[in-house]
Amino acid sequence: MILVNDEVQAKVYKEHIAPYLEAGNAIAFAHGFNIRYKLIVPPADVDVFMAAPKGPGHTVRSQFEVGKGVPCLVAVEQDATGKAYDIALGYIAGIGGARAGIMETTFHDETETDLFGEQCVLMGGLVQLMRCAFETLVEAGYEPENAYFECIHEVKLIVDLITKNGFVGMNYSCSDTAEYGEYVSGPRVLPTEQTKANMRAVLSDIQDGSFAGRWIAENNNDRTFFNSKKEELKNHQMEKVGAMLRKNMIWTGEQEEDLDKSMDKASK
């Protein structure tokens, strides 16, 4: 099971896996990046499958520990033994994913939709949206603590409602004033046609390999851009305010504390 970062998988495969492969072995992935862009090309006599939990690793672990699981995607790229699909399902069951649900896909589709979702919504779009909203309020003279709560902290509350009950259910749980603001101001912040045009451009970069090429080049160039943006975000006012506020939130649980410890360890 190859779970190291996308950008180092090809090197690890070439040096530590490929020389020892035998016919009938199975190679597994949790993300299709290296197979989709042919950075790794396994021999035809081995099984190649994907077992991809739709959530971060620490969430997969915490859900498993309480007897639950995270929904998983399953895909088979090569079925040399005729048993690849069964092995994949067995792996997913082993990490608890079968308790939450399994959906079949392909390496191609998982890679492209995953990258698109990360860049346009989950990290790229959402972080940029929250950052812009935070900065707009602070620049207008509002307290940064208020800006953090309104534009960043409460996002989780809304997403939890959407996850449980959909958009209509979320609106039902919020005020009519908030729902009206959704209809009149959402399209002003993110104009539909322009936003979708920008998203299509992002998707095109993913589909034709441009994004993958830039990411590989970034790693071959000492991650100059990546590291500078990472440092910039780390030192942003919203991060400093957020860290201070989160320490005083009495409902913060063990899962968040464990993640904080992991992040501290990684930064060192």
# chains A, B, ... in the order shown; residues from 1 in each chain; ligands from 1

call {"tool": "residues_around", "arguments": {"residues": "region 181-198 of chain A", "least_positions_apart": "5", "cutoff": "12 Å", "atoms": "only C-alpha atoms", "output": "list in words"}}
result
Phe116, Gln119, Cys120, Val121, Gly125, Leu126, Gln128, Leu129, Met130, Cys132, Ala133, Phe167, Val168, Met170, Asn171, Cys174, Ser175, Asp176, Leu203, Ser204 and Asp205 of chain A

call {"tool": "write_last_selection", "arguments": {"atoms": "N, CA and C atoms", "output": "CSV table (one decimal), in the first residue's frame"}}
result
chain,number,residue,atom,x,y,z
A,116,PHE,N,-9.6,18.5,-8.6
A,116,PHE,CA,-10.5,19.6,-8.9
A,116,PHE,C,-11.2,20.1,-7.6
A,119,GLN,N,-8.8,22.0,-5.3
A,119,GLN,CA,-8.4,23.3,-5.7
A,119,GLN,C,-9.5,24.3,-5.8
A,120,CYS,N,-10.7,23.9,-6.2
A,120,CYS,CA,-11.8,24.8,-6.5
A,120,CYS,C,-12.6,25.0,-5.2
A,121,VAL,N,-12.7,24.0,-4.3
A,121,VAL,CA,-13.6,24.2,-3.2
A,121,VAL,C,-12.9,23.9,-1.9
A,125,GLY,N,-10.5,27.1,-3.1
A,125,GLY,CA,-11.6,28.0,-3.1
A,125,GLY,C,-12.0,28.4,-1.7
A,126,LEU,N,-12.2,27.4,-0.8
A,126,LEU,CA,-12.7,27.7,0.5
A,126,LEU,C,-11.8,28.6,1.4
A,128,GLN,N,-9.4,30.6,0.3
A,128,GLN,CA,-9.3,31.9,-0.3
A,128,GLN,C,-10.6,32.7,0.0
A,129,LEU,N,-11.8,32.1,0.0
A,129,LEU,CA,-13.0,32.8,0.3
A,129,LEU,C,-13.0,33.3,1.7
A,130,MET,N,-12.6,32.4,2.6
A,130,MET,CA,-12.6,32.8,4.1
A,130,MET,C,-11.5,33.9,4.3
A,132,CYS,N,-10.4,36.1,2.2
A,132,CYS,CA,-10.8,37.4,1.6
A,132,CYS,C,-11.9,38.0,2.5
A,133,ALA,N,-12.8,37.2,3.0
A,133,ALA,CA,-13.9,37.8,3.9
A,133,ALA,C,-13.3,38.3,5.2
A,167,PHE,N,-28.6,21.3,1.4
A,167,PHE,CA,-28.7,22.7,1.4
A,167,PHE,C,-30.1,23.2,1.9
A,168,VAL,N,-31.1,22.6,1.5
A,168,VAL,CA,-32.5,23.0,2.0
A,168,VAL,C,-32.6,22.8,3.5
A,170,MET,N,-30.1,22.9,5.6
A,170,MET,CA,-29.2,23.9,6.2
A,170,MET,C,-30.0,25.2,6.3
A,171,ASN,N,-30.7,25.6,5.2
A,171,ASN,CA,-31.4,26.8,5.2
A,171,ASN,C,-32.5,26.8,6.2
A,174,CYS,N,-31.3,27.8,9.6
A,174,CYS,CA,-30.8,29.2,9.7
A,174,CYS,C,-31.9,30.1,9.5
A,175,SER,N,-31.7,31.4,9.7
A,175,SER,CA,-32.7,32.4,9.7
A,175,SER,C,-33.1,32.7,8.2
A,176,ASP,N,-34.3,33.2,8.1
A,176,ASP,CA,-34.8,33.6,6.7
A,176,ASP,C,-33.9,34.8,6.2
A,203,LEU,N,-9.9,22.9,-14.2
A,203,LEU,CA,-10.1,21.5,-14.6
A,203,LEU,C,-9.3,21.1,-15.9
A,204,SER,N,-9.2,22.0,-16.8
A,204,SER,CA,-8.4,21.8,-18.0
A,204,SER,C,-7.0,21.5,-17.7
A,205,ASP,N,-6.4,22.3,-16.7
A,205,ASP,CA,-5.0,22.1,-16.3
A,205,ASP,C,-4.8,20.7,-15.7

call {"tool": "closest_atom_pairs", "arguments": {"of": "region 179-208 of chain A", "to": "region 28-39 of chain A", "cutoff": "12 Å", "atoms": "only C-alpha atoms", "output": "tab-separated table"}}
result
residue	atom	partner	partner_atom	distance
A:Ile206	CA	A:Tyr37	CA	10.0
A:Gln207	CA	A:Tyr37	CA	9.7
A:Asp208	CA	A:Tyr37	CA	9.4

call {"tool": "select_by_dssp", "arguments": {"residues": "region 41-71 of chain A", "states": "helix (DSSP H, G or I)", "output": "VMD selection string"}}
result
chain A and resid 57 to 65

call {"tool": "write_last_selection", "arguments": {"atoms": "C-alpha atoms", "output": "PDB file, in the first residue's frame"}}
result
ATOM      1  CA  GLY A  57      -5.821  10.060   7.574  1.00  0.00           C
ATOM      2  CA  HIS A  58      -6.362  11.142  11.192  1.00  0.00           C
ATOM      3  CA  THR A  59     -10.126  11.051  10.598  1.00  0.00           C
ATOM      4  CA  VAL A  60      -9.897   7.552   9.117  1.00  0.00           C
ATOM      5  CA  ARG A  61      -8.066   6.492  12.274  1.00  0.00           C
ATOM      6  CA  SER A  62     -10.381   8.212  14.759  1.00  0.00           C
ATOM      7  CA  GLN A  63     -13.517   6.819  13.067  1.00  0.00           C
ATOM      8  CA  PHE A  64     -12.011   3.331  13.049  1.00  0.00           C
ATOM      9  CA  GLU A  65     -11.209   3.566  16.754  1.00  0.00           C
TER      10      GLU A  65
END

call {"tool": "closest_residue", "arguments": {"among": "A:Met244, A:Val138, A:Gly69, A:Ala80", "to": "Ala98 (chain A)", "atoms": "only C-alpha atoms"}}
result
A:Gly69

call {"tool": "closest_residue", "arguments": {"among": "A:Thr105, A:Phe225, A:Glu22, A:Ile216", "to": "Asn5 (chain A)", "atoms": "only C-alpha atoms"}}
result
A:Ile216
